[in-house]
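Enquirer: Dropping in start.csv, which is CSV, N, CA and C atoms:
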```csv
chain,number,residue,atom,x,y,z
P,1,GLN,N,153.6,7.8,70.3
P,1,GLN,CA,154.7,7.5,69.3
P,1,GLN,C,156.0,8.1,69.7
P,2,VAL,N,157.1,7.5,69.4
P,2,VAL,CA,158.4,7.9,69.8
P,2,VAL,C,159.3,7.8,68.6
P,3,GLN,N,160.0,8.9,68.2
P,3,GLN,CA,161.0,8.9,67.2
P,3,GLN,C,162.4,9.0,67.8
P,4,LEU,N,163.3,8.2,67.3
P,4,LEU,CA,164.6,8.1,67.8
P,4,LEU,C,165.6,8.3,66.7
P,5,VAL,N,166.6,9.1,67.0
P,5,VAL,CA,167.6,9.4,66.0
P,5,VAL,C,169.0,9.2,66.6
P,6,GLU,N,169.7,8.3,66.1
P,6,GLU,CA,171.1,8.0,66.6
P,6,GLU,C,172.1,8.8,65.8
P,7,SER,N,173.2,9.1,66.5
P,7,SER,CA,174.4,9.7,65.9
P,7,SER,C,175.6,9.3,66.7
P,8,GLY,N,176.8,9.6,66.1
P,8,GLY,CA,178.0,9.4,66.8
P,8,GLY,C,178.8,8.2,66.3
P,9,GLY,N,178.3,7.4,65.4
P,9,GLY,CA,179.0,6.3,64.9
P,9,GLY,C,180.2,6.7,64.0
P,10,GLY,N,181.0,5.7,63.6
P,10,GLY,CA,182.1,6.0,62.8
P,10,GLY,C,183.2,4.9,62.8
P,11,LEU,N,184.3,5.2,62.2
P,11,LEU,CA,185.5,4.3,62.2
P,11,LEU,C,186.5,4.7,63.3
P,12,VAL,N,186.9,3.7,64.1
P,12,VAL,CA,187.8,3.9,65.1
P,12,VAL,C,188.8,2.8,65.2
P,13,GLN,N,190.0,3.0,65.7
P,13,GLN,CA,191.0,2.0,65.8
P,13,GLN,C,190.7,1.2,67.1
P,14,PRO,N,191.2,-0.1,67.1
P,14,PRO,CA,191.0,-0.9,68.4
P,14,PRO,C,191.7,-0.1,69.5
P,15,GLY,N,191.0,-0.2,70.7
P,15,GLY,CA,191.4,0.6,71.9
P,15,GLY,C,190.9,2.0,71.9
P,16,GLY,N,190.3,2.4,70.9
P,16,GLY,CA,189.7,3.8,70.9
P,16,GLY,C,188.4,3.9,71.5
P,17,SER,N,187.8,5.1,71.4
P,17,SER,CA,186.5,5.4,72.1
P,17,SER,C,185.6,6.1,71.1
P,18,LEU,N,184.3,5.9,71.3
P,18,LEU,CA,183.2,6.6,70.6
P,18,LEU,C,182.1,6.9,71.6
P,19,ARG,N,181.4,7.9,71.3
P,19,ARG,CA,180.2,8.2,72.1
P,19,ARG,C,179.0,8.3,71.2
P,20,LEU,N,178.0,7.4,71.4
P,20,LEU,CA,176.8,7.4,70.6
P,20,LEU,C,175.7,8.2,71.4
P,21,SER,N,174.9,8.8,70.6
P,21,SER,CA,173.8,9.7,71.1
P,21,SER,C,172.5,9.3,70.5
P,22,CYS,N,171.4,9.2,71.3
P,22,CYS,CA,170.1,8.9,70.8
P,22,CYS,C,169.2,10.0,71.2
P,23,ALA,N,168.6,10.8,70.3
P,23,ALA,CA,167.7,11.8,70.6
P,23,ALA,C,166.3,11.4,70.4
P,24,ALA,N,165.5,11.6,71.5
P,24,ALA,CA,164.1,11.1,71.4
P,24,ALA,C,163.2,12.3,71.2
P,25,SER,N,162.0,12.0,70.5
P,25,SER,CA,161.1,13.0,70.2
P,25,SER,C,160.2,13.5,71.3
P,26,ARG,N,160.2,12.8,72.4
P,26,ARG,CA,159.5,13.1,73.6
P,26,ARG,C,160.3,13.0,74.8
P,27,SER,N,159.8,13.6,75.9
P,27,SER,CA,160.6,13.5,77.2
P,27,SER,C,161.0,12.1,77.5
P,28,ILE,N,162.3,11.9,77.8
P,28,ILE,CA,162.7,10.6,78.2
P,28,ILE,C,162.2,10.2,79.6
P,29,PHE,N,161.8,11.2,80.3
P,29,PHE,CA,161.2,10.9,81.7
P,29,PHE,C,159.9,10.1,81.5
P,30,SER,N,159.3,10.2,80.4
P,30,SER,CA,158.0,9.4,80.2
P,30,SER,C,158.3,8.0,79.6
P,31,ILE,N,159.5,7.7,79.3
P,31,ILE,CA,159.9,6.4,78.8
P,31,ILE,C,160.5,5.5,79.8
P,32,SER,N,159.9,4.4,80.1
P,32,SER,CA,160.3,3.6,81.2
P,32,SER,C,161.7,2.9,81.0
P,33,LEU,N,161.9,2.5,79.7
P,33,LEU,CA,163.1,1.7,79.4
P,33,LEU,C,163.7,2.2,78.1
P,34,MET,N,164.9,2.5,78.1
P,34,MET,CA,165.6,2.9,76.9
P,34,MET,C,166.9,2.1,76.8
P,35,GLY,N,167.4,1.8,75.6
P,35,GLY,CA,168.6,1.1,75.5
P,35,GLY,C,169.3,1.1,74.2
P,36,TRP,N,170.4,0.4,74.1
P,36,TRP,CA,171.1,0.3,72.9
P,36,TRP,C,171.3,-1.2,72.5
P,37,TYR,N,171.1,-1.5,71.3
P,37,TYR,CA,171.2,-2.9,70.7
P,37,TYR,C,172.2,-2.8,69.6
P,38,ARG,N,172.8,-3.9,69.2
P,38,ARG,CA,173.6,-3.9,68.0
P,38,ARG,C,173.4,-5.1,67.2
P,39,GLN,N,173.8,-5.0,65.9
P,39,GLN,CA,173.6,-6.1,65.0
P,39,GLN,C,174.8,-6.1,64.0
P,40,ALA,N,175.6,-7.2,64.1
P,40,ALA,CA,176.8,-7.4,63.3
P,40,ALA,C,176.3,-8.2,62.0
P,41,PRO,N,177.1,-8.1,60.9
P,41,PRO,CA,176.7,-8.8,59.7
P,41,PRO,C,176.6,-10.3,60.0
P,42,GLY,N,175.5,-10.9,59.6
P,42,GLY,CA,175.2,-12.3,59.7
P,42,GLY,C,174.8,-12.8,61.1
P,43,LYS,N,174.6,-11.8,62.0
P,43,LYS,CA,174.3,-12.2,63.4
P,43,LYS,C,172.9,-11.5,63.7
P,44,GLU,N,172.3,-12.0,64.8
P,44,GLU,CA,171.1,-11.5,65.3
P,44,GLU,C,171.4,-10.2,66.1
P,45,ARG,N,170.3,-9.4,66.2
P,45,ARG,CA,170.4,-8.2,67.0
P,45,ARG,C,170.6,-8.6,68.5
P,46,GLU,N,171.5,-7.9,69.2
P,46,GLU,CA,171.7,-8.3,70.6
P,46,GLU,C,171.7,-7.0,71.5
P,47,LEU,N,171.3,-7.2,72.7
P,47,LEU,CA,171.3,-6.2,73.7
P,47,LEU,C,172.7,-5.7,74.0
P,48,VAL,N,172.9,-4.4,74.1
P,48,VAL,CA,174.2,-3.9,74.6
P,48,VAL,C,174.1,-3.3,76.0
P,49,ALA,N,173.1,-2.4,76.2
P,49,ALA,CA,172.9,-1.8,77.5
P,49,ALA,C,171.5,-1.2,77.5
P,50,THR,N,170.9,-1.2,78.8
P,50,THR,CA,169.6,-0.5,79.0
P,50,THR,C,169.7,0.3,80.2
P,51,THR,N,168.8,1.3,80.2
P,51,THR,CA,168.6,2.2,81.4
P,51,THR,C,167.1,2.4,81.7
P,52,THR,N,166.7,2.4,82.9
P,52,THR,CA,165.3,2.7,83.2
P,52,THR,C,165.2,4.1,83.7
P,53,SER,N,163.9,4.5,83.8
P,53,SER,CA,163.6,5.9,84.2
P,53,SER,C,164.1,6.2,85.6
P,54,ILE,N,164.3,5.2,86.4
P,54,ILE,CA,164.8,5.4,87.8
P,54,ILE,C,166.3,5.2,87.9
P,55,GLY,N,167.0,5.0,86.7
P,55,GLY,CA,168.4,5.0,86.7
P,55,GLY,C,169.1,3.6,86.8
P,56,THR,N,168.3,2.6,86.8
P,56,THR,CA,168.9,1.2,86.8
P,56,THR,C,169.5,0.9,85.5
P,57,THR,N,170.7,0.4,85.5
P,57,THR,CA,171.3,0.0,84.2
P,57,THR,C,171.6,-1.5,84.1
P,58,ASN,N,171.7,-1.9,82.9
P,58,ASN,CA,172.0,-3.3,82.6
P,58,ASN,C,172.9,-3.4,81.4
P,59,TYR,N,173.9,-4.3,81.5
P,59,TYR,CA,174.9,-4.4,80.4
P,59,TYR,C,175.1,-5.8,79.9
P,60,ALA,N,175.4,-6.0,78.7
P,60,ALA,CA,175.8,-7.3,78.2
P,60,ALA,C,177.2,-7.6,78.8
P,61,ASP,N,177.4,-8.9,79.0
P,61,ASP,CA,178.7,-9.3,79.6
P,61,ASP,C,179.9,-8.8,78.8
P,62,SER,N,179.7,-8.8,77.5
P,62,SER,CA,180.8,-8.5,76.6
P,62,SER,C,181.2,-7.0,76.6
P,63,VAL,N,180.4,-6.2,77.2
P,63,VAL,CA,180.7,-4.7,77.2
P,63,VAL,C,180.9,-4.2,78.6
P,64,LYS,N,180.6,-5.0,79.6
P,64,LYS,CA,180.8,-4.5,81.0
P,64,LYS,C,182.2,-4.0,81.3
P,65,GLY,N,182.2,-2.9,81.9
P,65,GLY,CA,183.5,-2.3,82.2
P,65,GLY,C,184.1,-1.4,81.1
P,66,ARG,N,183.5,-1.5,79.9
P,66,ARG,CA,184.0,-0.7,78.8
P,66,ARG,C,183.0,0.3,78.3
P,67,PHE,N,181.7,0.0,78.4
P,67,PHE,CA,180.6,0.8,77.9
P,67,PHE,C,179.8,1.4,79.1
P,68,THR,N,179.3,2.6,78.9
P,68,THR,CA,178.5,3.2,79.9
P,68,THR,C,177.3,3.9,79.3
P,69,ILE,N,176.1,3.5,79.8
P,69,ILE,CA,174.9,4.2,79.3
P,69,ILE,C,174.4,5.2,80.3
P,70,SER,N,173.9,6.3,79.7
P,70,SER,CA,173.4,7.4,80.6
P,70,SER,C,172.3,8.1,79.9
P,71,ARG,N,171.5,8.9,80.7
P,71,ARG,CA,170.4,9.7,80.2
P,71,ARG,C,170.7,11.2,80.5
P,72,ASP,N,170.4,12.0,79.5
P,72,ASP,CA,170.4,13.4,79.7
P,72,ASP,C,169.0,13.9,79.5
P,73,GLY,N,168.3,14.1,80.6
P,73,GLY,CA,166.9,14.5,80.6
P,73,GLY,C,166.7,15.9,80.0
P,74,ALA,N,167.6,16.8,80.1
P,74,ALA,CA,167.5,18.1,79.6
P,74,ALA,C,167.5,18.1,78.1
P,75,LYS,N,168.1,17.2,77.5
P,75,LYS,CA,168.2,17.1,76.0
P,75,LYS,C,167.4,15.9,75.5
P,76,ASN,N,166.7,15.2,76.3
P,76,ASN,CA,165.9,14.0,75.9
P,76,ASN,C,166.8,13.1,75.1
P,77,THR,N,168.0,12.8,75.6
P,77,THR,CA,169.0,12.0,74.9
P,77,THR,C,169.5,10.9,75.8
P,78,VAL,N,169.8,9.8,75.2
P,78,VAL,CA,170.4,8.6,75.8
P,78,VAL,C,171.8,8.5,75.2
P,79,LEU,N,172.8,8.4,76.0
P,79,LEU,CA,174.2,8.3,75.5
P,79,LEU,C,174.8,6.9,75.8
P,80,LEU,N,175.7,6.5,74.9
P,80,LEU,CA,176.4,5.3,75.1
P,80,LEU,C,177.9,5.6,74.9
P,81,GLN,N,178.6,5.7,76.0
P,81,GLN,CA,180.1,5.9,75.9
P,81,GLN,C,180.8,4.6,75.8
P,82,MET,N,181.5,4.4,74.7
P,82,MET,CA,182.2,3.2,74.4
P,82,MET,C,183.7,3.4,74.5
P,83,ASN,N,184.4,2.7,75.4
P,83,ASN,CA,185.8,2.8,75.5
P,83,ASN,C,186.4,1.4,75.2
P,84,SER,N,187.7,1.4,75.0
P,84,SER,CA,188.5,0.2,74.8
P,84,SER,C,187.8,-0.7,73.7
P,85,LEU,N,187.5,-0.1,72.6
P,85,LEU,CA,186.7,-0.8,71.6
P,85,LEU,C,187.6,-1.9,70.9
P,86,LYS,N,186.8,-2.9,70.6
P,86,LYS,CA,187.5,-4.1,70.0
P,86,LYS,C,186.9,-4.3,68.6
P,87,PRO,N,187.6,-5.0,67.7
P,87,PRO,CA,187.0,-5.3,66.4
P,87,PRO,C,185.6,-6.0,66.5
P,88,GLU,N,185.4,-6.8,67.5
P,88,GLU,CA,184.2,-7.5,67.6
P,88,GLU,C,183.0,-6.6,68.0
P,89,ASP,N,183.3,-5.4,68.3
P,89,ASP,CA,182.2,-4.4,68.6
P,89,ASP,C,181.7,-3.8,67.3
P,90,THR,N,182.3,-4.1,66.2
P,90,THR,CA,181.8,-3.6,64.9
P,90,THR,C,180.4,-4.1,64.7
P,91,ALA,N,179.5,-3.2,64.4
P,91,ALA,CA,178.1,-3.5,64.2
P,91,ALA,C,177.3,-2.2,63.9
P,92,VAL,N,176.0,-2.4,63.5
P,92,VAL,CA,175.1,-1.2,63.5
P,92,VAL,C,174.5,-1.2,64.9
P,93,TYR,N,174.5,0.0,65.5
P,93,TYR,CA,174.0,0.2,66.8
P,93,TYR,C,172.6,0.9,66.7
P,94,TYR,N,171.6,0.3,67.4
P,94,TYR,CA,170.3,0.8,67.3
P,94,TYR,C,169.8,1.3,68.7
P,95,CYS,N,169.2,2.4,68.7
P,95,CYS,CA,168.5,2.9,70.0
P,95,CYS,C,167.1,2.3,70.1
P,96,ASN,N,166.8,2.0,71.3
P,96,ASN,CA,165.4,1.4,71.5
P,96,ASN,C,164.8,2.1,72.7
P,97,ALA,N,163.5,2.3,72.6
P,97,ALA,CA,162.7,2.9,73.7
P,97,ALA,C,161.4,2.0,73.8
P,98,TYR,N,161.1,1.7,75.1
P,98,TYR,CA,159.9,0.9,75.4
P,98,TYR,C,158.9,1.9,76.0
P,99,TYR,N,157.9,2.2,75.2
P,99,TYR,CA,156.9,3.3,75.6
P,99,TYR,C,155.5,2.8,75.4
P,100,ARG,N,154.7,2.8,76.5
P,100,ARG,CA,153.3,2.3,76.5
P,100,ARG,C,153.3,0.9,75.9
P,101,SER,N,154.2,0.1,76.3
P,101,SER,CA,154.2,-1.4,76.0
P,101,SER,C,154.5,-1.6,74.5
P,102,VAL,N,155.1,-0.6,73.9
P,102,VAL,CA,155.5,-0.8,72.5
P,102,VAL,C,156.9,-0.5,72.3
P,103,PRO,N,157.7,-1.3,71.6
P,103,PRO,CA,159.1,-1.0,71.4
P,103,PRO,C,159.3,-0.1,70.2
P,104,TRP,N,160.1,0.9,70.3
P,104,TRP,CA,160.4,1.8,69.2
P,104,TRP,C,161.8,1.8,68.9
P,105,TRP,N,162.2,1.9,67.6
P,105,TRP,CA,163.6,1.8,67.2
P,105,TRP,C,164.0,2.9,66.3
P,106,GLY,N,165.3,3.3,66.5
P,106,GLY,CA,165.9,4.2,65.5
P,106,GLY,C,166.4,3.5,64.3
P,107,ARG,N,167.0,4.2,63.4
P,107,ARG,CA,167.5,3.6,62.1
P,107,ARG,C,168.9,3.0,62.2
P,108,GLY,N,169.6,3.4,63.3
P,108,GLY,CA,170.9,2.8,63.5
P,108,GLY,C,172.0,3.7,63.1
P,109,THR,N,173.2,3.4,63.7
P,109,THR,CA,174.4,4.1,63.3
P,109,THR,C,175.5,3.1,63.3
P,110,GLN,N,176.3,3.2,62.2
P,110,GLN,CA,177.4,2.2,62.0
P,110,GLN,C,178.6,2.5,62.9
P,111,VAL,N,179.1,1.5,63.6
P,111,VAL,CA,180.4,1.6,64.3
P,111,VAL,C,181.3,0.5,63.7
P,112,THR,N,182.5,0.9,63.3
P,112,THR,CA,183.5,0.0,62.7
P,112,THR,C,184.8,0.2,63.5
P,113,VAL,N,185.2,-0.9,64.1
P,113,VAL,CA,186.5,-0.9,64.8
P,113,VAL,C,187.5,-1.7,64.0
P,114,SER,N,188.5,-0.9,63.5
P,114,SER,CA,189.5,-1.6,62.6
P,114,SER,C,190.7,-0.7,62.5
P,115,SER,N,191.9,-1.4,62.4
P,115,SER,CA,193.1,-0.7,62.2
P,115,SER,C,193.4,-0.5,60.7
```
Just give me the structure of the file as structure tokens.

Expert:
Amino acid sequence: QVQLVESGGGLVQPGGSLRLSCAASRSIFSISLMGWYRQAPGKERELVATTTSIGTTNYADSVKGRFTISRDGAKNTVLLQMNSLKPEDTAVYYCNAYYRSVPWWGRGTQVTVSS
């Protein structure tokens, strides 16, 4: 079992930055794939970025060059640095971990980009 707790969301102006954090209840070295997804009102949940245990990363085209995903093994945390935020980035952001062939989800953190 994996428990995930997200933090770092909030209200930011367009062009601003936020850093999301996802704390896992077990060592992230034991989790092969972790990532961030988001869901905007009236839309389906979509992939934002993923990272594997060997450091491979993958990004949605809409966030490439603006968002960076990383792992902090010492803190069992996955981070999502979000720069140059746009109103269309507004959504609930969810942390995901794929562990023993089972997907685990956090409860999400709201990110609102608005002037």

Enquirer: Hey, which of P:Ala24, P:Ile69, P:Val48, P:Val111 ends up closest to Val12 of chain P? Count only C-alpha atoms.

Expert: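 Of P:Ala24, P:Ile69, P:Val48, P:Val111, the one nearest Val12 of chain P, counting only C-alpha atoms, is P:Val111.
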
Enquirer: Would you list the contacts of Gly9 of chain P as a count of residues only, taking every protein, DNA or RNA residue within 8 Å and counting only C-alpha atoms, but skipping same-chain residues closer than 6 positions in sequence?

Expert: 6

Enquirer: So that I can see what lies close to Gly15 of chain P, please list as a VMD selection string the residues with an atom at most 9 Å from it, counting only C-alpha atoms and leaving out residues fewer than 4 positions away in the same chain.

Expert: chain P and resid 83 to 86 113

Enquirer: Report, in Å with one decimal, the straight-line distance from atom CA of Ser30 of chain P to atom C of Leu47 of chain P.

Expert: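 Answer for the atom CA of Ser30 of chain P to atom C of Leu47 of chain P separation: 22.0 Å.
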
Enquirer: Could you tell me which of P:Thr90, P:Thr50, P:Ser70, P:Asn96 comes closest to Ser114 of chain P if we count only C-alpha atoms?

Expert: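 For Ser114 of chain P, the nearest of the given residues is P:Thr90.
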
Enquirer: In Å, with one decimal, what is the gap from atom C of Val102 of chain P to atom N of Gly10 of chain P?

Expert: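 That distance, rounded to one decimal, is 26.4 Å.
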
Enquirer: Ranking P:Ser32, P:Gln13, P:Ser21, P:Ser115 by minimum distance to Ser53 of chain P and counting only C-alpha atoms, which one comes first?

Expert: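 Of P:Ser32, P:Gln13, P:Ser21, P:Ser115, the one nearest Ser53 of chain P is P:Ser32, counting only C-alpha atoms.
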
Enquirer: If DSSP is run on the backbone, what residues of segment 44-107 of chain P are strand (DSSP E)? A reply as a PyMOL selection string would be ideal.

Expert: chain P and resi 46-52+57-59+67-72+77-82+91-99+102-105

Enquirer: Using only C-alpha atoms, which residue out of P:Gln81, P:Ser25, P:Asn76, P:Thr52 lies closest to Tyr98 of chain P?

Expert: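 That would be P:Thr52, the residue with the smallest distance to Tyr98 of chain P.
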
Enquirer: As a VMD selection string, please: the residues near Ala40 of chain P (cut-off 7 Å, all atoms listed in the file, same-chain neighbours under 2 positions excluded).

Expert: chain P and resid 38 42 to 46 90 to 92

Enquirer: What does the structure give for the distance between atom CA of Arg100 of chain P and atom CA of Ile54 of chain P, in Å to one decimal?

Expert: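 Calculated distance between atom CA of Arg100 of chain P and atom CA of Ile54 of chain P is 16.4 Å.
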
Enquirer: Go through P:Gly35, P:Pro103, P:Gly16, P:Gly65 one by one, measure the shortest atom-to-atom distance of each to Val2 of chain P using only N, CA and C atoms, and give the residue with the smallest value.

Expert: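 Of the candidates, the smallest distance to Val2 of chain P is held by P:Pro103.
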
Enquirer: Rank P:Ser17, P:Tyr94, P:Cys22, P:Lys64 by their smallest atom-to-atom distance to Gln3 of chain P, using all atoms listed in the file, and report the top residue only.

Expert: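 Using all atoms listed in the file, the shortest distance to Gln3 of chain P belongs to P:Cys22.
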
Enquirer: Given the point (165.8, 8.7, 78.0) in the coordinates of this file, which residues lie within 6 Å, counting only N, CA and C atoms, and how would they look as a list in words?

Expert: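 Checked against the point, the hits come out as Ser27, Ile28, Phe29, Met34, Arg71, Asp72, Asn76, Thr77 and Val78 of chain P.
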
Enquirer: According to DSSP computed on the backbone, where in chain P is there helix (DSSP H, G or I)? Give the residues as a PyMOL selection string.

Expert: chain P and resi 28-30+73-75+87-89
